[in-house]
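Below is the file upload.csv, which contains CSV, C-alpha atoms.
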chain,number,residue,atom,x,y,z
A,1,MET,CA,-24.8,75.7,52.4
A,2,GLU,CA,-25.0,75.3,56.1
A,3,PRO,CA,-28.1,76.5,57.8
A,4,ILE,CA,-27.9,79.6,59.9
A,5,LYS,CA,-27.3,78.7,63.5
A,6,VAL,CA,-29.3,80.7,66.2
A,7,VAL,CA,-28.9,80.5,69.9
A,8,ILE,CA,-32.0,81.5,71.8
A,9,ILE,CA,-31.5,82.4,75.4
A,10,GLU,CA,-35.0,82.6,76.9
A,11,ASP,CA,-36.4,81.3,80.2
A,12,GLU,CA,-40.1,81.3,79.3
A,13,PRO,CA,-40.7,77.9,77.7
A,14,ASP,CA,-43.7,79.1,75.6
A,15,ILE,CA,-41.8,82.0,74.1
A,16,ALA,CA,-38.6,80.0,73.5
A,17,GLU,CA,-40.6,77.2,71.7
A,18,LEU,CA,-42.5,79.8,69.6
A,19,VAL,CA,-39.2,81.4,68.5
A,20,ARG,CA,-37.5,78.0,67.9
A,21,TYR,CA,-40.5,76.7,65.9
A,22,ASN,CA,-40.7,79.7,63.6
A,23,LEU,CA,-36.9,79.9,63.0
A,24,GLN,CA,-36.7,76.2,62.2
A,25,LYS,CA,-39.7,76.5,59.8
A,26,GLU,CA,-37.7,79.2,57.9
A,27,GLY,CA,-34.6,76.9,57.6
A,28,TYR,CA,-32.6,78.2,60.5
A,29,LYS,CA,-30.9,75.9,63.1
A,30,PRO,CA,-32.1,77.1,66.5
A,31,VAL,CA,-30.9,75.8,69.9
A,32,ILE,CA,-32.3,77.0,73.3
A,33,ALA,CA,-30.7,77.9,76.6
A,34,LYS,CA,-32.9,78.6,79.7
A,35,ASP,CA,-30.6,80.9,81.6
A,36,GLY,CA,-27.7,83.3,81.2
A,37,PHE,CA,-25.0,80.9,82.5
A,38,SER,CA,-25.9,78.0,80.2
A,39,GLY,CA,-26.5,80.5,77.4
A,40,LEU,CA,-23.0,81.8,77.6
A,41,LYS,CA,-21.7,78.2,77.5
A,42,LEU,CA,-23.9,77.3,74.6
A,43,VAL,CA,-22.8,80.3,72.5
A,44,LYS,CA,-19.1,79.4,73.0
A,45,ASN,CA,-19.8,75.8,72.2
A,46,GLU,CA,-22.0,76.3,69.2
A,47,SER,CA,-20.4,79.5,67.6
A,48,PRO,CA,-23.8,80.6,66.2
A,49,ASP,CA,-24.4,83.1,63.5
A,50,ILE,CA,-26.7,85.2,65.8
A,51,VAL,CA,-28.0,85.2,69.4
A,52,LEU,CA,-31.5,86.1,70.5
A,53,LEU,CA,-31.2,87.1,74.1
A,54,ASP,CA,-34.0,87.8,76.7
A,55,VAL,CA,-33.2,90.6,79.1
A,56,MET,CA,-34.9,89.2,82.2
A,57,LEU,CA,-33.1,85.9,82.9
A,58,PRO,CA,-32.6,83.9,86.1
A,59,GLY,CA,-29.1,84.0,87.7
A,60,MET,CA,-27.5,86.4,85.2
A,61,ASP,CA,-29.6,88.9,83.3
A,62,GLY,CA,-29.4,89.5,79.6
A,63,ILE,CA,-27.5,92.8,79.9
A,64,GLU,CA,-24.7,91.0,81.7
A,65,VAL,CA,-24.8,88.1,79.2
A,66,CYS,CA,-24.4,90.6,76.4
A,67,ARG,CA,-21.6,92.4,78.1
A,68,LYS,CA,-19.7,89.2,78.6
A,69,LEU,CA,-20.3,88.1,75.0
A,70,LYS,CA,-19.0,91.4,73.6
A,71,SER,CA,-16.0,91.5,75.9
A,72,ASP,CA,-14.8,88.0,74.8
A,73,ALA,CA,-12.6,87.8,71.7
A,74,VAL,CA,-14.2,84.5,70.8
A,75,THR,CA,-17.8,85.8,70.8
A,76,ARG,CA,-17.7,89.5,70.4
A,77,SER,CA,-18.4,89.5,66.6
A,78,ILE,CA,-21.5,87.4,67.0
A,79,PRO,CA,-24.6,89.7,66.5
A,80,VAL,CA,-27.1,89.9,69.4
A,81,ILE,CA,-30.7,90.8,69.3
A,82,MET,CA,-32.1,91.5,72.8
A,83,MET,CA,-35.7,90.6,73.6
A,84,THR,CA,-37.6,92.1,76.5
A,85,ALA,CA,-41.0,92.7,77.9
A,86,LYS,CA,-39.8,96.1,79.1
A,87,GLY,CA,-40.7,99.0,76.8
A,88,GLU,CA,-38.7,101.7,78.5
A,89,GLU,CA,-36.1,103.6,76.5
A,90,SER,CA,-33.6,103.2,79.2
A,91,ASP,CA,-33.6,99.4,78.7
A,92,VAL,CA,-33.0,99.9,75.0
A,93,VAL,CA,-30.1,102.3,75.6
A,94,LEU,CA,-28.6,100.0,78.2
A,95,GLY,CA,-28.7,97.0,75.8
A,96,LEU,CA,-27.2,99.0,73.0
A,97,GLY,CA,-24.6,100.4,75.3
A,98,VAL,CA,-23.2,96.9,76.1
A,99,GLY,CA,-23.0,96.0,72.4
A,100,ALA,CA,-26.4,94.6,71.3
A,101,ASP,CA,-27.0,95.0,67.6
A,102,ASP,CA,-30.8,95.3,67.8
A,103,TYR,CA,-33.7,95.2,70.2
A,104,VAL,CA,-37.2,93.8,69.9
A,105,LYS,CA,-40.0,94.4,72.5
A,106,LYS,CA,-42.4,91.7,73.7
A,107,PRO,CA,-45.0,90.8,72.7
A,108,PHE,CA,-43.6,90.5,69.2
A,109,SER,CA,-44.9,88.5,66.2
A,110,PRO,CA,-42.8,85.7,64.7
A,111,LYS,CA,-42.9,87.7,61.4
A,112,GLU,CA,-41.4,90.8,63.1
A,113,LEU,CA,-38.7,88.8,64.9
A,114,LEU,CA,-37.7,87.0,61.7
A,115,ALA,CA,-37.5,90.3,59.9
A,116,ARG,CA,-35.1,91.6,62.5
A,117,VAL,CA,-32.9,88.5,62.3
A,118,LYS,CA,-32.7,88.8,58.6
A,119,ALA,CA,-32.0,92.5,58.8
A,120,VAL,CA,-29.1,92.1,61.3
A,121,LEU,CA,-27.6,89.3,59.4
A,122,ARG,CA,-27.9,91.3,56.2
A,123,ARG,CA,-26.2,94.3,57.8
A,124,ILE,CA,-23.4,92.1,59.2
A,125,ASN,CA,-22.7,90.5,55.8
A,126,SER,CA,-22.8,93.6,53.7
A,127,LEU,CA,-20.4,96.6,53.3
A,128,GLN,CA,-23.3,99.0,53.7
A,129,ASP,CA,-21.9,101.5,51.3
A,130,GLU,CA,-20.8,101.2,47.7
A,131,ASP,CA,-17.9,103.6,48.0
A,132,ALA,CA,-16.6,102.1,51.3
A,133,LYS,CA,-12.8,102.1,51.6
A,134,ASP,CA,-11.0,98.9,52.5
A,135,ARG,CA,-8.3,100.8,54.6
A,136,ILE,CA,-8.4,104.2,56.1
A,137,GLU,CA,-5.3,105.8,57.7
A,138,LEU,CA,-5.3,109.1,59.5
A,139,LYS,CA,-2.0,109.7,61.3
A,140,ASP,CA,-2.0,107.0,64.0
A,141,LEU,CA,-5.6,105.8,63.5
A,142,VAL,CA,-6.0,102.8,61.1
A,143,ILE,CA,-9.4,101.3,60.1
A,144,ASP,CA,-8.9,98.1,58.2
A,145,LEU,CA,-12.2,96.7,56.7
A,146,PRO,CA,-11.0,93.3,55.4
A,147,ARG,CA,-9.5,92.6,58.8
A,148,HIS,CA,-12.4,94.2,60.6
A,149,GLU,CA,-9.8,95.9,62.8
A,150,VAL,CA,-9.2,99.4,64.2
A,151,LYS,CA,-5.9,100.5,65.7
A,152,VAL,CA,-4.9,103.6,67.5
A,153,GLY,CA,-1.1,104.1,67.7
A,154,GLY,CA,-0.6,100.6,66.6
A,155,THR,CA,-2.8,99.2,69.4
A,156,PRO,CA,-6.0,97.3,68.4
A,157,ILE,CA,-9.2,98.5,70.0
A,158,VAL,CA,-12.2,96.2,70.5
A,159,LEU,CA,-15.4,97.3,68.8
A,160,THR,CA,-18.6,95.5,68.3
A,161,ALA,CA,-19.8,94.9,64.7
A,162,THR,CA,-22.2,97.8,64.9
A,163,GLU,CA,-19.6,100.1,66.3
A,164,PHE,CA,-17.1,99.1,63.6
A,165,ARG,CA,-19.7,99.8,60.9
A,166,LEU,CA,-20.5,103.2,62.3
A,167,ILE,CA,-16.9,104.4,62.6
A,168,HIS,CA,-16.0,102.9,59.2
A,169,PHE,CA,-18.9,104.6,57.5
A,170,LEU,CA,-18.1,108.0,59.1
A,171,ALA,CA,-14.4,107.8,58.3
A,172,SER,CA,-15.2,106.8,54.7
A,173,HIS,CA,-16.8,110.3,54.3
A,174,PRO,CA,-14.5,112.7,56.2
A,175,GLY,CA,-16.0,116.2,56.7
A,176,ARG,CA,-19.5,115.1,55.7
A,177,VAL,CA,-22.2,115.6,58.2
A,178,PHE,CA,-24.8,112.9,58.7
A,179,SER,CA,-28.0,113.2,60.7
A,180,ARG,CA,-28.9,110.6,63.3
A,181,GLU,CA,-31.7,109.4,61.1
A,182,GLN,CA,-29.3,108.9,58.2
A,183,LEU,CA,-26.9,106.9,60.3
A,184,LEU,CA,-29.7,104.8,61.7
A,185,ASN,CA,-30.9,104.0,58.1
A,186,ARG,CA,-27.5,103.6,56.4
A,187,VAL,CA,-25.4,102.0,59.2
A,188,ILE,CA,-27.7,100.5,61.8
A,189,GLY,CA,-30.4,99.6,59.3
A,190,GLU,CA,-33.9,100.6,58.4
A,191,ASP,CA,-35.3,97.6,60.3
A,192,ALA,CA,-33.5,98.5,63.6
A,193,VAL,CA,-35.4,99.7,66.6
A,194,VAL,CA,-35.5,103.4,66.2
A,195,VAL,CA,-34.8,105.3,69.4
A,196,ASP,CA,-33.5,108.8,69.4
A,197,ARG,CA,-30.5,107.9,71.5
A,198,ASN,CA,-29.3,104.8,69.6
A,199,ILE,CA,-26.7,106.6,67.7
A,200,ASP,CA,-25.7,108.8,70.6
A,201,VAL,CA,-25.0,105.7,72.7
A,202,HIS,CA,-22.9,104.1,70.1
A,203,ILE,CA,-20.9,107.3,69.4
A,204,ARG,CA,-20.2,107.8,73.2
A,205,VAL,CA,-18.9,104.2,73.5
A,206,ILE,CA,-16.7,104.5,70.3
A,207,ARG,CA,-15.2,107.8,71.5
A,208,LYS,CA,-14.3,106.3,74.9
A,209,LYS,CA,-12.6,103.4,73.1
A,210,LEU,CA,-10.7,105.7,70.7
A,211,GLY,CA,-9.0,107.5,73.6
A,212,LYS,CA,-6.7,110.2,72.3
A,213,LYS,CA,-8.5,110.1,68.9
A,214,ARG,CA,-12.0,110.6,70.4
A,215,ASP,CA,-12.3,114.1,69.0
A,216,LEU,CA,-12.1,112.8,65.4
A,217,ILE,CA,-15.9,112.1,65.6
A,218,GLU,CA,-17.4,115.6,65.9
A,219,THR,CA,-20.9,116.5,67.2
A,220,ILE,CA,-22.7,119.0,65.0
A,221,ARG,CA,-25.2,120.4,67.4
A,222,GLY,CA,-28.8,120.0,66.2
A,223,VAL,CA,-27.8,118.0,63.2
A,224,GLY,CA,-25.7,114.9,63.9
A,225,TYR,CA,-22.1,113.8,63.5
A,226,LYS,CA,-19.2,114.0,61.2
A,227,PHE,CA,-15.7,112.5,61.0
A,228,GLY,CA,-13.0,115.2,61.1
A,229,ASP,CA,-10.4,115.2,58.3
A,230,GLU,CA,-7.7,116.5,60.7

What does this structure look like when you write it as structure tokens?
Amino acid sequence: MEPIKVVIIEDEPDIAELVRYNLQKEGYKPVIAKDGFSGLKLVKNESPDIVLLDVMLPGMDGIEVCRKLKSDAVTRSIPVIMMTAKGEESDVVLGLGVGADDYVKKPFSPKELLARVKAVLRRINSLQDEDAKDRIELKDLVIDLPRHEVKVGGTPIVLTATEFRLIHFLASHPGRVFSREQLLNRVIGEDAVVVDRNIDVHIRVIRKKLGKKRDLIETIRGVGYKFGDE
């Protein structure tokens, strides 16, 4: 079995080496880029299983790097964990809004970072739900799990891995209301950074991408969200 490949995009040598050393010790295959531009190139060349991305980078910051990765058909499915010394909720929301799969705040312990890497990879590689449906069709909306594809009126829409898991989970349980906490635990994962607005940000982005089908995801005030059975 091939080792899991990790691209680390981090401009602080001590942190980059600490992360590299601990990943390698656990059997991963880490490679390092020192800035956003070389990081983008490295991700495209290496096709890693996951990216660890610092927010504060020279030249091109991590938010922009993540935005470019998630807007490129070649790299959009690669999960991204953002690393930052900033602890403000706005930074977490911004990172999630451009497609990051998780977020870890500096200073972090190697054990914590490894746990997040394993959790994200586990979520990406699992169906998340025993009764998940392979294909969901609702008028002109189609969600195809094996193909990891969503179409509206026959036109594919681009979703990140987290966004796809979220809409697929909700659509697999039409009419059932889920709280934000339930969605965080069952879709985003128990090991994810828990911020009140995580789910709200993802839902807002998904609705925008769904266009004329945006109202299928209903907000239940004071509770959470449900997928309408139209």

Nearest to His148 of chain A by atom-to-atom distance, counting only C-alpha atoms, from A:Ile167, A:Val98, A:Val92, A:Val6: A:Ile167

Point out the residue among A:Leu210, A:Val55, A:Leu121, A:Met60 with the least atom-to-atom distance to Asp91 of chain A, counting all atoms listed in the file. A:Val55

Just the number, please: distance in Å from atom CA of Gly99 of chain A to atom CA of Gly27 of chain A, one decimal.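 One can read the atom CA of Gly99 of chain A to atom CA of Gly27 of chain A distance as 26.8 Å.
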
So which residues touch Asn22 of chain A within 7 Å, counting all atoms listed in the file, skipping near sequence neighbours fewer than 4 positions away, as an mmCIF file with C-alpha atoms, keeping the file's coordinate frame?
data_model
loop_
_atom_site.group_PDB
_atom_site.id
_atom_site.type_symbol
_atom_site.label_atom_id
_atom_site.label_comp_id
_atom_site.auth_asym_id
_atom_site.auth_seq_id
_atom_site.Cartn_x
_atom_site.Cartn_y
_atom_site.Cartn_z
ATOM 1 C CA LEU A 18 -42.500 79.800 69.600
ATOM 2 C CA GLU A 26 -37.700 79.200 57.900
ATOM 3 C CA PRO A 110 -42.800 85.700 64.700
#

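Residues in contact range of segment 116-118 of chain A, defined as at most 9 Å between all atoms listed in the file, with sequence neighbours fewer than 5 positions away removed, read Ile50, Leu52, Ile81, Asp102, Tyr103, Val104, Lys111, Arg123, Asp191 and Ala192 of chain A.
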
List the spatial neighbours of Arg20 of chain A as a PyMOL selection string - criterion: any atom at most 9 Å away, all atoms listed in the file, same-chain residues fewer than 6 positions off excluded. chain A and resi 6+8+28-32

Could you check the closest approach to Val74 of chain A for each of A:Ser38, A:Ser47, A:Ser179, A:Ser90 and tell me which residue wins, using all atoms listed in the file?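 Answer, going by the shortest atom-to-atom distance: A:Ser47.
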
Give the answer as one residue: which of A:Phe227, A:Phe178, A:Phe37, A:Tyr21 has the shortest atom-to-atom distance to Arg207 of chain A, using all atoms listed in the file?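 Closest to Arg207 of chain A of all the choices is A:Phe227.
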
Minimum-distance residue to Asp49 of chain A, chosen among A:Thr84, A:Thr75, A:Thr219, A:Thr160 (using all atoms listed in the file):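 When distances to Asp49 of chain A are compared using all atoms listed in the file, the smallest one comes from A:Thr75.
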
Between atom CA of Arg214 of chain A and atom CA of Gly154 of chain A, what is the spacing in Å? 15.6 Å

Please measure the separation of atom CA of Ala171 of chain A and atom CA of Cys66 of chain A, giving the value in Å to one decimal. 26.9 Å

Using only C-alpha atoms, list the residues that have an atom at most 12 Å from (-4.6, 111.1, 62.5), coordinates as in the file, as a short mmCIF file (atom, residue, chain, number, x, y, z; two decimals) with C-alpha atoms, keeping the file's coordinate frame.
data_model
loop_
_atom_site.label_atom_id
_atom_site.label_comp_id
_atom_site.auth_asym_id
_atom_site.auth_seq_id
_atom_site.Cartn_x
_atom_site.Cartn_y
_atom_site.Cartn_z
CA ILE A 136 -8.40 104.20 56.10
CA GLU A 137 -5.30 105.80 57.70
CA LEU A 138 -5.30 109.10 59.50
CA LYS A 139 -2.00 109.70 61.30
CA ASP A 140 -2.00 107.00 64.00
CA LEU A 141 -5.60 105.80 63.50
CA VAL A 142 -6.00 102.80 61.10
CA ILE A 143 -9.40 101.30 60.10
CA LYS A 151 -5.90 100.50 65.70
CA VAL A 152 -4.90 103.60 67.50
CA GLY A 153 -1.10 104.10 67.70
CA GLY A 154 -0.60 100.60 66.60
CA ALA A 171 -14.40 107.80 58.30
CA PRO A 174 -14.50 112.70 56.20
CA LEU A 210 -10.70 105.70 70.70
CA LYS A 212 -6.70 110.20 72.30
CA LYS A 213 -8.50 110.10 68.90
CA ARG A 214 -12.00 110.60 70.40
CA ASP A 215 -12.30 114.10 69.00
CA LEU A 216 -12.10 112.80 65.40
CA ILE A 217 -15.90 112.10 65.60
CA PHE A 227 -15.70 112.50 61.00
CA GLY A 228 -13.00 115.20 61.10
CA ASP A 229 -10.40 115.20 58.30
CA GLU A 230 -7.70 116.50 60.70
#

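Each of A:Ile78, A:Leu23, A:Leu40, A:Ile9 was compared to Glu112 of chain A using all atoms listed in the file, and A:Leu23 turns out to be the nearest.
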
Contact check, segment 77-129 of chain A to segment 199-205 of chain A, at most 8 Å, counting all atoms listed in the file, closest pairs as JSON lines:
{"residue": "A:Val93", "atom": "CA", "partner": "A:Val201", "partner_atom": "CA", "distance": 6.8}
{"residue": "A:Leu96", "atom": "CA", "partner": "A:Val201", "partner_atom": "CA", "distance": 7.1}
{"residue": "A:Gly97", "atom": "CA", "partner": "A:Val201", "partner_atom": "CA", "distance": 5.9}

Atoms kept (C-alpha atoms) for segment 107-222 of chain A, as a JSON list (two decimals), in the first residue's frame:
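Written output follows (part_12.json):
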[["chain", "number", "residue", "atom", "x", "y", "z"],
["A", 107, "PRO", "CA", 0.18, 26.52, 18.56],
["A", 108, "PHE", "CA", -0.98, 22.94, 18.11],
["A", 109, "SER", "CA", 0.56, 19.70, 19.31],
["A", 110, "PRO", "CA", 1.75, 17.12, 16.76],
["A", 111, "LYS", "CA", -0.73, 14.70, 18.31],
["A", 112, "GLU", "CA", -3.64, 17.10, 17.68],
["A", 113, "LEU", "CA", -2.61, 17.72, 14.08],
["A", 114, "LEU", "CA", -2.21, 14.02, 13.36],
["A", 115, "ALA", "CA", -5.65, 13.37, 14.84],
["A", 116, "ARG", "CA", -7.16, 15.98, 12.51],
["A", 117, "VAL", "CA", -5.39, 14.55, 9.47],
["A", 118, "LYS", "CA", -6.67, 11.06, 10.28],
["A", 119, "ALA", "CA", -10.18, 12.38, 10.95],
["A", 120, "VAL", "CA", -10.41, 14.26, 7.64],
["A", 121, "LEU", "CA", -9.06, 11.31, 5.66],
["A", 122, "ARG", "CA", -11.48, 9.01, 7.45],
["A", 123, "ARG", "CA", -14.41, 11.26, 6.61],
["A", 124, "ILE", "CA", -13.35, 11.54, 2.98],
["A", 125, "ASN", "CA", -13.05, 7.78, 2.60],
["A", 126, "SER", "CA", -16.26, 6.80, 4.32],
["A", 127, "LEU", "CA", -19.92, 7.10, 3.38],
["A", 128, "GLN", "CA", -20.71, 8.65, 6.78],
["A", 129, "ASP", "CA", -24.07, 6.98, 6.98],
["A", 130, "GLU", "CA", -25.16, 3.34, 6.81],
["A", 131, "ASP", "CA", -28.37, 4.07, 4.94],
["A", 132, "ALA", "CA", -26.81, 6.49, 2.46],
["A", 133, "LYS", "CA", -28.34, 6.30, -1.01],
["A", 134, "ASP", "CA", -26.12, 5.90, -4.07],
["A", 135, "ARG", "CA", -28.34, 8.07, -6.28],
["A", 136, "ILE", "CA", -30.93, 10.65, -5.31],
["A", 137, "GLU", "CA", -33.22, 12.21, -7.92],
["A", 138, "LEU", "CA", -35.67, 15.00, -7.20],
["A", 139, "LYS", "CA", -37.16, 16.51, -10.34],
["A", 140, "ASP", "CA", -34.15, 18.14, -12.03],
["A", 141, "LEU", "CA", -31.75, 17.67, -9.11],
["A", 142, "VAL", "CA", -29.53, 14.55, -9.18],
["A", 143, "ILE", "CA", -27.02, 13.56, -6.48],
["A", 144, "ASP", "CA", -24.84, 10.65, -7.58],
["A", 145, "LEU", "CA", -22.67, 9.21, -4.78],
["A", 146, "PRO", "CA", -20.49, 6.80, -6.80],
["A", 147, "ARG", "CA", -19.68, 9.57, -9.27],
["A", 148, "HIS", "CA", -19.40, 12.17, -6.49],
["A", 149, "GLU", "CA", -21.51, 14.40, -8.71],
["A", 150, "VAL", "CA", -24.43, 16.80, -8.33],
["A", 151, "LYS", "CA", -26.42, 18.09, -11.30],
["A", 152, "VAL", "CA", -29.15, 20.72, -11.53],
["A", 153, "GLY", "CA", -31.12, 20.56, -14.76],
["A", 154, "GLY", "CA", -28.47, 18.28, -16.22],
["A", 155, "THR", "CA", -25.68, 20.75, -15.50],
["A", 156, "PRO", "CA", -22.95, 19.62, -13.06],
["A", 157, "ILE", "CA", -22.25, 21.94, -10.13],
["A", 158, "VAL", "CA", -18.87, 22.08, -8.42],
["A", 159, "LEU", "CA", -18.90, 21.14, -4.72],
["A", 160, "THR", "CA", -16.05, 20.56, -2.31],
["A", 161, "ALA", "CA", -15.86, 17.18, -0.58],
["A", 162, "THR", "CA", -17.42, 18.61, 2.59],
["A", 163, "GLU", "CA", -20.22, 20.35, 0.69],
["A", 164, "PHE", "CA", -21.01, 17.14, -1.19],
["A", 165, "ARG", "CA", -21.17, 15.10, 2.01],
["A", 166, "LEU", "CA", -23.47, 17.66, 3.59],
["A", 167, "ILE", "CA", -26.01, 17.88, 0.74],
["A", 168, "HIS", "CA", -25.92, 14.10, 0.23],
["A", 169, "PHE", "CA", -26.56, 13.46, 3.91],
["A", 170, "LEU", "CA", -29.49, 15.91, 4.08],
["A", 171, "ALA", "CA", -30.97, 14.65, 0.80],
["A", 172, "SER", "CA", -30.72, 11.04, 2.07],
["A", 173, "HIS", "CA", -33.12, 12.00, 4.89],
["A", 174, "PRO", "CA", -35.76, 14.25, 3.24],
["A", 175, "GLY", "CA", -38.07, 15.99, 5.67],
["A", 176, "ARG", "CA", -35.94, 15.16, 8.71],
["A", 177, "VAL", "CA", -34.59, 18.08, 10.72],
["A", 178, "PHE", "CA", -30.97, 18.00, 11.88],
["A", 179, "SER", "CA", -29.44, 20.39, 14.38],
["A", 180, "ARG", "CA", -26.13, 22.09, 13.60],
["A", 181, "GLU", "CA", -24.47, 19.92, 16.23],
["A", 182, "GLN", "CA", -25.80, 16.74, 14.62],
["A", 183, "LEU", "CA", -24.54, 17.84, 11.22],
["A", 184, "LEU", "CA", -21.15, 18.76, 12.66],
["A", 185, "ASN", "CA", -20.80, 15.33, 14.25],
["A", 186, "ARG", "CA", -22.32, 13.17, 11.50],
["A", 187, "VAL", "CA", -21.10, 15.00, 8.40],
["A", 188, "ILE", "CA", -18.22, 17.29, 9.30],
["A", 189, "GLY", "CA", -16.93, 14.91, 11.97],
["A", 190, "GLU", "CA", -16.51, 14.88, 15.72],
["A", 191, "ASP", "CA", -12.86, 15.91, 15.42],
["A", 192, "ALA", "CA", -13.57, 18.99, 13.33],
["A", 193, "VAL", "CA", -13.08, 22.47, 14.67],
["A", 194, "VAL", "CA", -16.43, 23.28, 16.27],
["A", 195, "VAL", "CA", -17.55, 26.79, 15.44],
["A", 196, "ASP", "CA", -21.20, 27.82, 15.58],
["A", 197, "ARG", "CA", -21.16, 29.12, 12.04],
["A", 198, "ASN", "CA", -19.37, 26.15, 10.37],
["A", 199, "ILE", "CA", -22.58, 24.58, 9.10],
["A", 200, "ASP", "CA", -24.19, 27.93, 8.27],
["A", 201, "VAL", "CA", -21.25, 28.86, 6.03],
["A", 202, "HIS", "CA", -21.36, 25.54, 4.18],
["A", 203, "ILE", "CA", -25.14, 25.73, 3.71],
["A", 204, "ARG", "CA", -24.92, 29.27, 2.38],
["A", 205, "VAL", "CA", -22.30, 28.25, -0.19],
["A", 206, "ILE", "CA", -24.26, 25.14, -1.24],
["A", 207, "ARG", "CA", -27.47, 27.14, -1.70],
["A", 208, "LYS", "CA", -25.69, 29.63, -3.90],
["A", 209, "LYS", "CA", -24.34, 26.82, -6.07],
["A", 210, "LEU", "CA", -27.74, 25.09, -6.30],
["A", 211, "GLY", "CA", -29.28, 28.17, -7.90],
["A", 212, "LYS", "CA", -32.96, 27.55, -8.64],
["A", 213, "LYS", "CA", -32.91, 24.53, -6.29],
["A", 214, "ARG", "CA", -31.52, 26.50, -3.35],
["A", 215, "ASP", "CA", -34.81, 26.37, -1.42],
["A", 216, "LEU", "CA", -34.63, 22.58, -1.13],
["A", 217, "ILE", "CA", -32.40, 23.09, 1.90],
["A", 218, "GLU", "CA", -34.72, 24.64, 4.46],
["A", 219, "THR", "CA", -33.73, 26.54, 7.59],
["A", 220, "ILE", "CA", -35.66, 25.55, 10.69],
["A", 221, "ARG", "CA", -35.27, 28.58, 12.90],
["A", 222, "GLY", "CA", -33.71, 27.85, 16.27]]
